[in-house]
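Q: Sharing coords31.cif, mmCIF, C-alpha atoms:
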```
data_model
#
loop_
_atom_site.label_atom_id
_atom_site.label_comp_id
_atom_site.auth_asym_id
_atom_site.auth_seq_id
_atom_site.Cartn_x
_atom_site.Cartn_y
_atom_site.Cartn_z
CA MET I 1 13.40 7.64 21.65
CA ARG I 2 10.49 6.00 19.84
CA ALA I 3 6.90 5.88 21.08
CA PHE I 4 4.16 3.78 19.56
CA GLN I 5 0.59 3.44 20.84
CA ILE I 6 -2.57 1.75 19.60
CA ILE I 7 -5.93 3.09 20.79
CA GLN I 8 -9.12 1.16 20.18
CA PRO I 9 -12.21 2.96 18.79
CA SER I 10 -15.34 3.67 20.79
CA PRO I 11 -18.05 0.97 20.66
CA LEU I 12 -20.19 3.01 18.26
CA LEU I 13 -17.35 3.29 15.75
CA ALA I 14 -15.81 -0.16 16.22
CA PRO I 15 -17.90 -1.67 13.38
CA PHE I 16 -16.15 0.78 11.03
CA ILE I 17 -12.73 1.46 12.61
CA ARG I 18 -10.15 -1.20 13.51
CA GLN I 19 -7.84 1.07 15.49
CA TYR I 20 -5.99 4.35 15.76
CA TRP I 21 -2.24 4.26 16.09
CA PHE I 22 0.40 6.85 16.91
CA LEU I 23 4.10 6.72 16.10
CA LYS I 24 6.57 9.35 17.22
CA THR I 25 10.36 9.64 17.32
CA ASP I 26 12.58 12.41 18.65
CA THR I 27 15.65 11.40 16.62
CA GLU I 28 16.45 12.32 13.04
CA LEU I 29 16.00 9.46 10.58
CA GLN I 30 16.88 8.80 6.99
CA THR I 31 15.54 5.32 6.60
CA PRO I 32 13.77 3.37 3.85
CA ARG I 33 10.51 1.69 4.76
CA ARG I 34 8.43 -0.91 2.99
CA ILE I 35 4.64 -0.79 3.14
CA ILE I 36 2.97 -4.15 2.71
CA PRO I 37 -0.78 -4.55 2.13
CA ILE I 38 -2.97 -5.13 5.18
CA GLY I 39 -6.45 -5.29 3.60
CA CYS I 40 -7.68 -1.97 4.99
CA VAL I 41 -8.08 1.62 3.81
CA CYS I 42 -6.20 4.04 6.10
CA LEU I 43 -6.25 7.77 6.83
CA HIS I 44 -2.82 9.16 7.77
CA PHE I 45 -1.74 12.47 9.31
CA HIS I 46 1.97 13.26 9.52
CA ARG I 47 3.33 16.11 11.64
CA GLY I 48 7.03 15.21 11.47
CA GLY I 49 9.72 15.23 8.80
CA THR I 50 9.49 14.49 5.10
CA ILE I 51 8.37 11.17 3.62
CA ARG I 52 9.29 10.51 -0.02
CA SER I 53 8.03 7.76 -2.25
CA LEU I 54 10.61 5.57 -3.96
CA PRO I 55 11.98 5.34 -6.56
CA ASP I 56 10.54 8.63 -7.88
CA ASN I 57 11.59 10.60 -4.74
CA LYS I 58 8.25 12.43 -4.69
CA VAL I 59 7.30 14.12 -1.40
CA GLN I 60 4.22 12.51 0.12
CA PRO I 61 1.41 14.73 1.44
CA ARG I 62 1.08 15.53 5.14
CA ALA I 63 -2.44 14.07 5.27
CA TYR I 64 -3.79 11.48 2.88
CA ILE I 65 -6.14 8.57 2.38
CA SER I 66 -4.35 5.36 1.45
CA GLY I 67 -6.42 2.92 -0.56
CA GLN I 68 -6.14 -0.83 -0.83
CA HIS I 69 -2.91 -2.11 -2.40
CA ASN I 70 -2.16 -5.43 -4.08
CA GLY I 71 1.60 -5.16 -3.59
CA TYR I 72 4.28 -3.43 -1.54
CA LEU I 73 5.35 0.21 -1.71
CA ASN I 74 8.68 1.80 -0.80
CA SER I 75 9.36 5.19 0.74
CA LEU I 76 12.09 7.11 2.52
CA LEU I 77 11.65 8.64 6.00
CA THR I 78 13.65 11.81 6.58
CA GLY I 79 13.72 13.65 9.90
CA THR I 80 11.57 12.90 12.93
CA LEU I 81 8.27 11.03 12.78
CA ASP I 82 4.97 12.08 14.26
CA ILE I 83 2.24 10.04 12.58
CA ILE I 84 -1.44 9.50 13.38
CA SER I 85 -3.24 6.74 11.49
CA VAL I 86 -6.89 5.77 11.33
CA VAL I 87 -7.17 2.14 10.20
CA PHE I 88 -10.66 1.37 8.91
CA GLN I 89 -12.33 -2.01 8.96
CA PRO I 90 -11.98 -3.58 5.49
CA HIS I 91 -15.53 -2.46 4.62
CA GLY I 92 -15.69 0.54 6.95
CA ALA I 93 -14.32 3.55 5.04
CA LYS I 94 -17.38 3.82 2.81
CA ALA I 95 -19.39 5.04 5.80
CA PHE I 96 -17.37 8.27 5.99
CA PHE I 97 -16.41 9.37 2.49
CA SER I 98 -18.57 10.47 -0.41
CA MET I 99 -15.77 9.58 -2.86
CA PRO I 100 -16.23 5.97 -4.07
CA ILE I 101 -13.84 3.70 -2.17
CA PRO I 102 -12.72 1.80 -5.33
CA GLU I 103 -11.26 5.08 -6.62
CA PHE I 104 -8.62 4.85 -3.87
CA LEU I 105 -7.34 1.48 -5.17
CA GLU I 106 -3.53 1.45 -5.53
CA ILE I 107 -3.17 5.18 -4.80
CA ILE I 108 -2.88 7.69 -1.98
CA VAL I 109 -5.13 10.74 -2.14
CA PRO I 110 -4.09 13.98 -0.36
CA VAL I 111 -6.97 15.24 1.76
CA GLY I 112 -6.74 18.54 -0.08
CA ASP I 113 -7.47 16.76 -3.37
CA ALA I 114 -10.47 14.88 -2.00
CA GLY I 115 -12.63 18.03 -2.02
CA ASP I 116 -13.36 17.51 1.68
CA THR I 117 -13.21 20.79 3.59
CA ALA I 118 -14.14 19.21 6.94
CA LEU I 119 -11.32 16.66 6.60
CA CYS I 120 -8.83 19.47 5.92
CA GLU I 121 -10.10 21.27 9.03
CA LEU I 122 -9.58 18.10 11.07
CA HIS I 123 -6.00 17.95 9.83
CA ASP I 124 -5.46 21.56 10.95
CA ARG I 125 -6.79 20.78 14.44
CA LEU I 126 -4.60 17.70 14.78
CA LEU I 127 -1.50 19.71 13.91
CA ASN I 128 -1.84 21.44 17.29
CA THR I 129 -3.22 18.54 19.36
CA PHE I 130 -0.40 16.48 20.82
CA ASP I 131 -2.14 14.36 23.43
CA ASN I 132 -3.06 11.04 21.79
CA GLN I 133 -6.37 10.66 23.59
CA ALA I 134 -7.32 14.23 22.67
CA CYS I 135 -6.48 13.45 19.03
CA VAL I 136 -8.78 10.42 19.15
CA ARG I 137 -11.58 12.56 20.57
CA GLU I 138 -11.16 15.02 17.68
CA ILE I 139 -11.09 12.20 15.12
CA GLU I 140 -14.11 10.41 16.57
CA ALA I 141 -16.14 13.62 16.79
CA PHE I 142 -15.39 14.19 13.10
CA LEU I 143 -16.30 10.61 12.18
CA MET I 144 -19.52 10.59 14.19
CA ARG I 145 -20.71 13.77 12.46
CA ARG I 146 -20.45 12.17 9.05
CA LEU I 147 -21.37 8.55 9.66
CA TYR I 148 -23.40 7.84 6.53
CA VAL I 149 -24.59 4.33 7.44
CA LYS I 150 -27.86 3.82 9.25
CA LYS I 151 -29.93 0.68 8.53
CA GLU I 152 -27.99 -0.20 5.43
CA TYR I 153 -28.40 -3.82 4.35
CA ASN I 154 -25.30 -4.13 2.22
CA HIS I 155 -23.13 -2.89 5.07
CA ARG I 156 -24.63 -5.60 7.26
CA ARG I 157 -23.93 -8.16 4.57
CA MET I 158 -20.30 -7.09 4.29
CA ASP I 159 -19.97 -7.02 8.06
CA ALA I 160 -21.07 -10.67 8.18
CA VAL I 161 -18.64 -11.52 5.37
CA ILE I 162 -15.66 -9.88 7.10
CA ARG I 163 -16.52 -11.61 10.36
CA ALA I 164 -16.55 -14.93 8.51
CA VAL I 165 -13.18 -14.18 6.89
CA ASN I 166 -11.71 -13.19 10.26
CA SER I 167 -12.90 -16.55 11.61
CA GLY I 168 -11.06 -18.41 8.85
CA GLU I 169 -13.56 -18.68 5.98
CA MET I 170 -11.69 -18.25 2.67
CA ASN I 171 -14.08 -19.88 0.21
CA ILE I 172 -15.81 -17.30 -2.01
CA ASP I 173 -18.86 -19.50 -2.65
CA ASN I 174 -19.41 -19.78 1.11
CA LEU I 175 -18.96 -16.02 1.50
CA CYS I 176 -21.58 -15.45 -1.21
CA ARG I 177 -23.98 -17.59 0.81
CA THR I 178 -23.11 -15.64 3.96
CA SER I 179 -24.01 -12.41 2.16
CA CYS I 180 -27.16 -13.89 0.57
CA LEU I 181 -25.94 -12.63 -2.80
CA SER I 182 -25.12 -14.25 -6.11
CA TYR I 183 -21.43 -14.32 -7.04
CA ARG I 184 -21.83 -11.42 -9.46
CA GLN I 185 -23.72 -9.33 -6.89
CA PHE I 186 -21.28 -10.27 -4.14
CA LYS I 187 -18.26 -9.25 -6.20
CA ARG I 188 -19.87 -5.88 -7.06
CA VAL I 189 -20.95 -5.06 -3.50
CA PHE I 190 -17.67 -6.22 -1.95
CA PHE I 191 -15.67 -4.06 -4.37
CA GLU I 192 -17.93 -1.10 -3.59
CA TYR I 193 -17.31 -1.42 0.16
CA ALA I 194 -13.78 -2.77 0.48
CA GLY I 195 -12.28 -1.04 -2.56
CA ILE I 196 -10.69 -4.26 -3.80
CA ASN I 197 -12.08 -7.38 -5.42
CA PRO I 198 -12.75 -10.31 -3.05
CA LYS I 199 -10.16 -12.63 -4.59
CA ASP I 200 -7.32 -10.16 -4.05
CA PHE I 201 -8.59 -9.32 -0.56
CA LEU I 202 -8.53 -12.99 0.43
CA ARG I 203 -4.97 -13.31 -0.90
CA ILE I 204 -3.92 -10.42 1.36
CA ILE I 205 -5.69 -11.91 4.38
CA ARG I 206 -4.06 -15.29 3.74
CA PHE I 207 -0.67 -13.54 3.64
CA GLN I 208 -1.49 -11.74 6.90
CA LYS I 209 -2.60 -15.03 8.45
CA MET I 210 0.74 -16.53 7.49
CA LEU I 211 2.55 -13.67 9.25
CA SER I 212 0.35 -14.16 12.30
CA ILE I 213 1.10 -17.91 12.50
CA TRP I 214 4.80 -17.28 11.95
CA GLN I 215 4.70 -14.60 14.65
CA SER I 216 3.23 -17.00 17.24
CA GLN I 217 5.13 -20.11 16.05
CA PRO I 218 8.58 -18.90 14.93
CA GLN I 219 9.90 -22.46 14.52
CA ILE I 220 7.14 -23.62 12.16
CA SER I 221 8.28 -25.00 8.80
CA PHE I 222 7.21 -23.35 5.57
CA ALA I 223 5.58 -26.60 4.49
CA HIS I 224 3.38 -26.68 7.59
CA MET I 225 2.63 -22.98 7.28
CA ALA I 226 1.60 -23.46 3.63
CA HIS I 227 -0.81 -26.22 4.69
CA ASP I 228 -2.25 -24.22 7.61
CA CYS I 229 -2.83 -21.11 5.47
CA GLY I 230 -4.34 -22.82 2.44
CA PHE I 231 -1.51 -22.44 -0.07
CA TYR I 232 -1.15 -25.13 -2.72
CA ASP I 233 2.40 -25.89 -1.63
CA GLN I 234 5.56 -24.27 -0.31
CA SER I 235 6.42 -22.74 -3.70
CA HIS I 236 3.01 -21.07 -3.84
CA LEU I 237 3.62 -19.60 -0.36
CA ILE I 238 7.02 -18.21 -1.36
CA ASN I 239 5.66 -16.67 -4.58
CA GLU I 240 2.81 -14.97 -2.72
CA PHE I 241 5.21 -13.76 -0.04
CA LYS I 242 7.44 -12.15 -2.67
CA ALA I 243 4.40 -10.54 -4.35
CA PHE I 244 3.26 -8.86 -1.13
CA ALA I 245 6.53 -8.24 0.74
CA GLY I 246 9.11 -8.05 -2.05
CA TYR I 247 11.24 -10.58 -0.21
CA THR I 248 11.41 -14.34 0.10
CA PRO I 249 10.52 -15.52 3.63
CA ASN I 250 14.21 -16.14 4.41
CA GLU I 251 15.19 -12.66 3.23
CA TYR I 252 12.35 -11.17 5.24
CA ILE I 253 13.20 -12.92 8.52
CA ALA I 254 16.79 -11.66 8.19
CA LEU I 255 15.42 -8.10 8.35
CA CYS I 256 12.73 -8.23 11.02
CA ALA I 257 10.53 -10.50 13.10
CA PRO I 258 7.19 -11.52 11.53
CA TYR I 259 4.22 -9.39 12.54
CA SER I 260 0.67 -9.31 11.19
CA ASP I 261 -0.94 -5.87 11.17
CA TYR I 262 -4.34 -7.41 10.40
CA PHE I 263 -4.42 -10.12 13.07
CA SER I 264 -2.27 -8.45 15.75
CA GLY I 265 -4.21 -5.21 16.16
CA ALA I 266 -4.53 -5.58 19.93
CA ILE I 267 -0.76 -5.34 20.54
CA THR I 268 -0.01 -2.11 22.38
CA GLU I 269 3.61 -2.42 23.52
CA THR I 270 5.54 0.74 22.73
CA ASP I 271 8.37 -1.20 21.05
CA THR I 272 6.07 -2.90 18.52
CA LEU I 273 5.55 -1.08 15.22
CA PRO I 274 3.01 -1.65 12.46
CA MET I 275 4.71 -3.62 9.71
CA TYR I 276 4.18 -0.88 7.16
CA TYR I 277 6.14 1.59 9.32
CA ARG I 278 8.96 -0.68 10.51
CA TRP I 279 12.25 0.63 9.21
CA ARG I 280 14.74 -1.91 7.99
CA ARG I 281 18.06 -2.13 6.22
CA ALA I 282 18.19 -3.02 2.55
CA ILE I 283 19.26 -6.52 1.57
CA PRO I 284 22.87 -6.45 0.29
CA GLY I 285 22.82 -6.37 -3.48
CA LYS I 286 19.17 -5.24 -3.63
CA ARG I 287 17.62 -1.82 -3.76
CA LEU I 288 14.44 -0.84 -2.02
#
```
Translate this structure into structure tokens?

A:
Amino acid sequence: MRAFQIIQPSPLLAPFIRQYWFLKTDTELQTPRRIIPIGCVCLHFHRGGTIRSLPDNKVQPRAYISGQHNGYLNSLLTGTLDIISVVFQPHGAKAFFSMPIPEFLEIIVPVGDAGDTALCELHDRLLNTFDNQACVREIEAFLMRRLYVKKEYNHRRMDAVIRAVNSGEMNIDNLCRTSCLSYRQFKRVFFEYAGINPKDFLRIIRFQKMLSIWQSQPQISFAHMAHDCGFYDQSHLINEFKAFAGYTPNEYIALCAPYSDYFSGAITETDTLPMYYRWRRAIPGKRL
């Protein structure tokens, strides 16, 4: 059996948190997974079996902060799963951590290495809290106690920028105007809050938009999808797809249905998994 649930944050935390999700299985697994970038920093707690990174076979920590990533990652799931994830808004994690968000770029940081005693204590409490709503109450109480943002102008600027991006704005000059910052200032502030430079972030969001369109229009041609998502041409779309997913679109669709974690956050059906935790078979002749 597999159970998956998305829970939305409280109104006070919604400007900083996109969602909480829970994934649990009661069957033993030994399955590779591919994590593709979603444009958000995440906080993960795992109470199930072992997860190993590939190809180095290193055991991943039970609780860790996952920074922004510009490409895909591979890992191996072994045993049962029992995962809690806090998915921050693209600019939201800075409100809760004293460690600079850019330092999380391209890495995962075990909570024990972050020098955060309260976060370690939260992990300990979640180990023995198995009701999902009760877990969310514990997480939100922890987050509310350390919400660093009050009347912070740069957070408001980045909030306006992310809202514009979510509405389809992908031009950096226009986003600079939205933030009332020069390009140099905008790039510095965006990197400080999102933990990734704006150009790479927009590439990820364009990729996620492509998945979202493909999800809702499965018969769409790649040429039309390239036009709708702002790629130069179909070749540009395929190259970007391979950079973020490790597959061509045709290879990808042979493994699973398209799903955008960034634009499909409201989906709550128990048979729908976040893309970065969907397990899939390897392509014949290729290694994950």

Q: Please evaluate the PyMOL selection byres ((chain I and resi 46) around 10) against the structure above and give the resulting residues as a compact mmCIF listing (two decimals) with C-alpha atoms, keeping the file's coordinate frame.

A:
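Result file follows (selection_32.txt):
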```
# COMPACT_ATOMS: atom_id res chain seq x y z
CA PHE I 22 0.40 6.85 16.91
CA LEU I 23 4.10 6.72 16.10
CA LYS I 24 6.57 9.35 17.22
CA HIS I 44 -2.82 9.16 7.77
CA PHE I 45 -1.74 12.47 9.31
CA ARG I 47 3.33 16.11 11.64
CA GLY I 48 7.03 15.21 11.47
CA GLY I 49 9.72 15.23 8.80
CA THR I 50 9.49 14.49 5.10
CA ILE I 51 8.37 11.17 3.62
CA GLN I 60 4.22 12.51 0.12
CA PRO I 61 1.41 14.73 1.44
CA ARG I 62 1.08 15.53 5.14
CA ALA I 63 -2.44 14.07 5.27
CA TYR I 64 -3.79 11.48 2.88
CA LEU I 81 8.27 11.03 12.78
CA ASP I 82 4.97 12.08 14.26
CA ILE I 83 2.24 10.04 12.58
CA ILE I 84 -1.44 9.50 13.38
CA SER I 85 -3.24 6.74 11.49
CA HIS I 123 -6.00 17.95 9.83
CA LEU I 126 -4.60 17.70 14.78
CA LEU I 127 -1.50 19.71 13.91
```

Q: I'd like the neighbourhood of I:Met144 as a short mmCIF file (atom, residue, chain, number, x, y, z; two decimals) with C-alpha atoms, in the frame of the given file, where a residue qualifies if any of its atoms comes within 12 Å (using only C-alpha atoms), though same-chain residues fewer than 3 positions away should be ignored.

A:
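File part.cif, as written:
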```cif
data_model
loop_
_atom_site.label_atom_id
_atom_site.label_comp_id
_atom_site.auth_asym_id
_atom_site.auth_seq_id
_atom_site.Cartn_x
_atom_site.Cartn_y
_atom_site.Cartn_z
CA PRO I 9 -12.21 2.96 18.79
CA SER I 10 -15.34 3.67 20.79
CA PRO I 11 -18.05 0.97 20.66
CA LEU I 12 -20.19 3.01 18.26
CA LEU I 13 -17.35 3.29 15.75
CA ALA I 14 -15.81 -0.16 16.22
CA PHE I 16 -16.15 0.78 11.03
CA ILE I 17 -12.73 1.46 12.61
CA ALA I 95 -19.39 5.04 5.80
CA PHE I 96 -17.37 8.27 5.99
CA VAL I 136 -8.78 10.42 19.15
CA ARG I 137 -11.58 12.56 20.57
CA GLU I 138 -11.16 15.02 17.68
CA ILE I 139 -11.09 12.20 15.12
CA GLU I 140 -14.11 10.41 16.57
CA ALA I 141 -16.14 13.62 16.79
CA LEU I 147 -21.37 8.55 9.66
CA TYR I 148 -23.40 7.84 6.53
CA VAL I 149 -24.59 4.33 7.44
CA LYS I 150 -27.86 3.82 9.25
#
```

Q: Nearest residue to I:Asn174 out of I:Phe186, I:Phe222, I:Phe231, I:Phe263, using all atoms listed in the file?

A: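 So, comparing all the options, the nearest one is I:Phe186.
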
Q: Mind dumping a table of every stretch 50-139 of chain I residue within 8 Å of stretch 236-245 of chain I, with the nearest atom pair and its distance in Å to one decimal, using all atoms listed in the file, sorted by chain and rising number, as a Markdown table?

A:
```
| residue | atom | partner | partner_atom | distance |
| --- | --- | --- | --- | --- |
| I:Asn70 | CA | I:Phe244 | CA | 7.1 |
| I:Gly71 | CA | I:Phe244 | CA | 4.7 |
| I:Tyr72 | CA | I:Phe244 | CA | 5.5 |
```

Q: Emit the selected residues as a short mmCIF file (atom, residue, chain, number, x, y, z; two decimals), keeping the file's coordinate frame, including C-alpha atoms.

A:
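Contents of out12.cif, as written:
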```cif
data_model
loop_
_atom_site.label_atom_id
_atom_site.label_comp_id
_atom_site.auth_asym_id
_atom_site.auth_seq_id
_atom_site.Cartn_x
_atom_site.Cartn_y
_atom_site.Cartn_z
CA ASN I 70 -2.16 -5.43 -4.08
CA GLY I 71 1.60 -5.16 -3.59
CA TYR I 72 4.28 -3.43 -1.54
#
```

Q: Which residue, I:Ala134, I:Cys120, I:Ala254, I:Leu76, has the smallest gap to I:Leu29 when you use only C-alpha atoms?

A: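 Closest to I:Leu29 of all the choices is I:Leu76.
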
Q: Pull out every residue that the PyMOL selection byres ((chain I and resi 180) around 12) matches in the shown coordinates and put them as a short mmCIF file (atom, residue, chain, number, x, y, z; two decimals) with C-alpha atoms, in the coordinates of the input.

A:
```
data_model
loop_
_atom_site.label_atom_id
_atom_site.label_comp_id
_atom_site.auth_asym_id
_atom_site.auth_seq_id
_atom_site.Cartn_x
_atom_site.Cartn_y
_atom_site.Cartn_z
CA TYR I 153 -28.40 -3.82 4.35
CA ASN I 154 -25.30 -4.13 2.22
CA ARG I 156 -24.63 -5.60 7.26
CA ARG I 157 -23.93 -8.16 4.57
CA MET I 158 -20.30 -7.09 4.29
CA ALA I 160 -21.07 -10.67 8.18
CA VAL I 161 -18.64 -11.52 5.37
CA ASP I 173 -18.86 -19.50 -2.65
CA ASN I 174 -19.41 -19.78 1.11
CA LEU I 175 -18.96 -16.02 1.50
CA CYS I 176 -21.58 -15.45 -1.21
CA ARG I 177 -23.98 -17.59 0.81
CA THR I 178 -23.11 -15.64 3.96
CA SER I 179 -24.01 -12.41 2.16
CA LEU I 181 -25.94 -12.63 -2.80
CA SER I 182 -25.12 -14.25 -6.11
CA TYR I 183 -21.43 -14.32 -7.04
CA ARG I 184 -21.83 -11.42 -9.46
CA GLN I 185 -23.72 -9.33 -6.89
CA PHE I 186 -21.28 -10.27 -4.14
CA VAL I 189 -20.95 -5.06 -3.50
#
```

Q: Distance atom CA of I:Phe190-atom CA of I:Val87, one decimal place?

A: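 Here the two named atoms are 18.1 Å from each other.
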
Q: Determine the residue membership of the PyMOL selection byres ((chain I and resi 73) around 12) for the file above and supply it as a PyMOL selection string.

A: chain I and resi 32-37+52-56+66+68-72+74-76+106-108+243-246+276-277+288

Q: If we count all atoms listed in the file, what is near stretch 218-220 of chain I at a cut-off of 10 Å, once residues fewer than 6 positions away on the same chain are taken out, given as a PyMOL selection string?

A: chain I and resi 211-212+253+257-258

Q: So how many Å separate atom CA of I:Tyr232 and atom CA of I:Ser167, to one decimal?

A: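 For atom CA of I:Tyr232 relative to atom CA of I:Ser167, the distance reads 20.4 Å.
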
Q: I'd like the interatomic distance between atom CA of I:Leu43 and atom CA of I:Leu119, to a tenth of an Å.

A: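 According to the coordinates, atom CA of I:Leu43 and atom CA of I:Leu119 are separated by 10.2 Å.
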
Q: Please, could N, CA and C atoms be added to stretch 165-187 of chain I and the result written as a PDB file, in the frame of the given file?

A:
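So rebuild_27.pdb came out as:
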```
ATOM      1  N   VAL I 165     -14.581 -14.129   7.323  1.00  0.00           N
ATOM      2  CA  VAL I 165     -13.180 -14.180   6.890  1.00  0.00           C
ATOM      3  C   VAL I 165     -12.256 -14.160   8.110  1.00  0.00           C
ATOM      4  N   ASN I 166     -12.553 -13.281   9.063  1.00  0.00           N
ATOM      5  CA  ASN I 166     -11.710 -13.190  10.260  1.00  0.00           C
ATOM      6  C   ASN I 166     -11.725 -14.493  11.066  1.00  0.00           C
ATOM      7  N   SER I 167     -12.797 -15.261  10.912  1.00  0.00           N
ATOM      8  CA  SER I 167     -12.900 -16.550  11.610  1.00  0.00           C
ATOM      9  C   SER I 167     -12.288 -17.697  10.815  1.00  0.00           C
ATOM     10  N   GLY I 168     -11.761 -17.399   9.616  1.00  0.00           N
ATOM     11  CA  GLY I 168     -11.060 -18.410   8.850  1.00  0.00           C
ATOM     12  C   GLY I 168     -11.709 -18.837   7.553  1.00  0.00           C
ATOM     13  N   GLU I 169     -12.891 -18.305   7.219  1.00  0.00           N
ATOM     14  CA  GLU I 169     -13.560 -18.680   5.980  1.00  0.00           C
ATOM     15  C   GLU I 169     -12.889 -17.996   4.793  1.00  0.00           C
ATOM     16  N   MET I 170     -12.398 -18.793   3.823  1.00  0.00           N
ATOM     17  CA  MET I 170     -11.690 -18.250   2.670  1.00  0.00           C
ATOM     18  C   MET I 170     -12.299 -18.710   1.354  1.00  0.00           C
ATOM     19  N   ASN I 171     -13.432 -19.386   1.410  1.00  0.00           N
ATOM     20  CA  ASN I 171     -14.080 -19.880   0.210  1.00  0.00           C
ATOM     21  C   ASN I 171     -15.108 -18.850  -0.278  1.00  0.00           C
ATOM     22  N   ILE I 172     -14.952 -18.371  -1.513  1.00  0.00           N
ATOM     23  CA  ILE I 172     -15.810 -17.300  -2.010  1.00  0.00           C
ATOM     24  C   ILE I 172     -17.255 -17.765  -2.132  1.00  0.00           C
ATOM     25  N   ASP I 173     -17.483 -19.011  -2.549  1.00  0.00           N
ATOM     26  CA  ASP I 173     -18.860 -19.500  -2.650  1.00  0.00           C
ATOM     27  C   ASP I 173     -19.548 -19.455  -1.284  1.00  0.00           C
ATOM     28  N   ASN I 174     -18.837 -19.831  -0.231  1.00  0.00           N
ATOM     29  CA  ASN I 174     -19.410 -19.780   1.110  1.00  0.00           C
ATOM     30  C   ASN I 174     -19.658 -18.338   1.550  1.00  0.00           C
ATOM     31  N   LEU I 175     -18.759 -17.430   1.154  1.00  0.00           N
ATOM     32  CA  LEU I 175     -18.960 -16.020   1.500  1.00  0.00           C
ATOM     33  C   LEU I 175     -20.146 -15.437   0.752  1.00  0.00           C
ATOM     34  N   CYS I 176     -20.377 -15.879  -0.473  1.00  0.00           N
ATOM     35  CA  CYS I 176     -21.580 -15.450  -1.210  1.00  0.00           C
ATOM     36  C   CYS I 176     -22.836 -15.883  -0.464  1.00  0.00           C
ATOM     37  N   ARG I 177     -22.817 -17.103   0.048  1.00  0.00           N
ATOM     38  CA  ARG I 177     -23.980 -17.590   0.810  1.00  0.00           C
ATOM     39  C   ARG I 177     -24.151 -16.798   2.102  1.00  0.00           C
ATOM     40  N   THR I 178     -23.040 -16.455   2.733  1.00  0.00           N
ATOM     41  CA  THR I 178     -23.110 -15.640   3.960  1.00  0.00           C
ATOM     42  C   THR I 178     -23.771 -14.297   3.684  1.00  0.00           C
ATOM     43  N   SER I 179     -23.462 -13.726   2.516  1.00  0.00           N
ATOM     44  CA  SER I 179     -24.010 -12.410   2.160  1.00  0.00           C
ATOM     45  C   SER I 179     -25.400 -12.479   1.541  1.00  0.00           C
ATOM     46  N   CYS I 180     -25.871 -13.703   1.249  1.00  0.00           N
ATOM     47  CA  CYS I 180     -27.160 -13.890   0.570  1.00  0.00           C
ATOM     48  C   CYS I 180     -27.197 -13.186  -0.780  1.00  0.00           C
ATOM     49  N   LEU I 181     -26.060 -13.255  -1.492  1.00  0.00           N
ATOM     50  CA  LEU I 181     -25.940 -12.630  -2.800  1.00  0.00           C
ATOM     51  C   LEU I 181     -25.406 -13.641  -3.794  1.00  0.00           C
ATOM     52  N   SER I 182     -25.743 -13.444  -5.066  1.00  0.00           N
ATOM     53  CA  SER I 182     -25.120 -14.250  -6.110  1.00  0.00           C
ATOM     54  C   SER I 182     -23.653 -13.836  -6.228  1.00  0.00           C
ATOM     55  N   TYR I 183     -22.852 -14.642  -6.922  1.00  0.00           N
ATOM     56  CA  TYR I 183     -21.430 -14.320  -7.040  1.00  0.00           C
ATOM     57  C   TYR I 183     -21.243 -12.951  -7.707  1.00  0.00           C
ATOM     58  N   ARG I 184     -21.983 -12.696  -8.769  1.00  0.00           N
ATOM     59  CA  ARG I 184     -21.830 -11.420  -9.460  1.00  0.00           C
ATOM     60  C   ARG I 184     -22.208 -10.256  -8.556  1.00  0.00           C
ATOM     61  N   GLN I 185     -23.311 -10.384  -7.815  1.00  0.00           N
ATOM     62  CA  GLN I 185     -23.720  -9.330  -6.890  1.00  0.00           C
ATOM     63  C   GLN I 185     -22.710  -9.173  -5.765  1.00  0.00           C
ATOM     64  N   PHE I 186     -22.247 -10.305  -5.237  1.00  0.00           N
ATOM     65  CA  PHE I 186     -21.280 -10.270  -4.140  1.00  0.00           C
ATOM     66  C   PHE I 186     -20.007  -9.552  -4.564  1.00  0.00           C
ATOM     67  N   LYS I 187     -19.493  -9.882  -5.731  1.00  0.00           N
ATOM     68  CA  LYS I 187     -18.260  -9.250  -6.200  1.00  0.00           C
ATOM     69  C   LYS I 187     -18.445  -7.746  -6.349  1.00  0.00           C
TER      70      LYS I 187
END
```
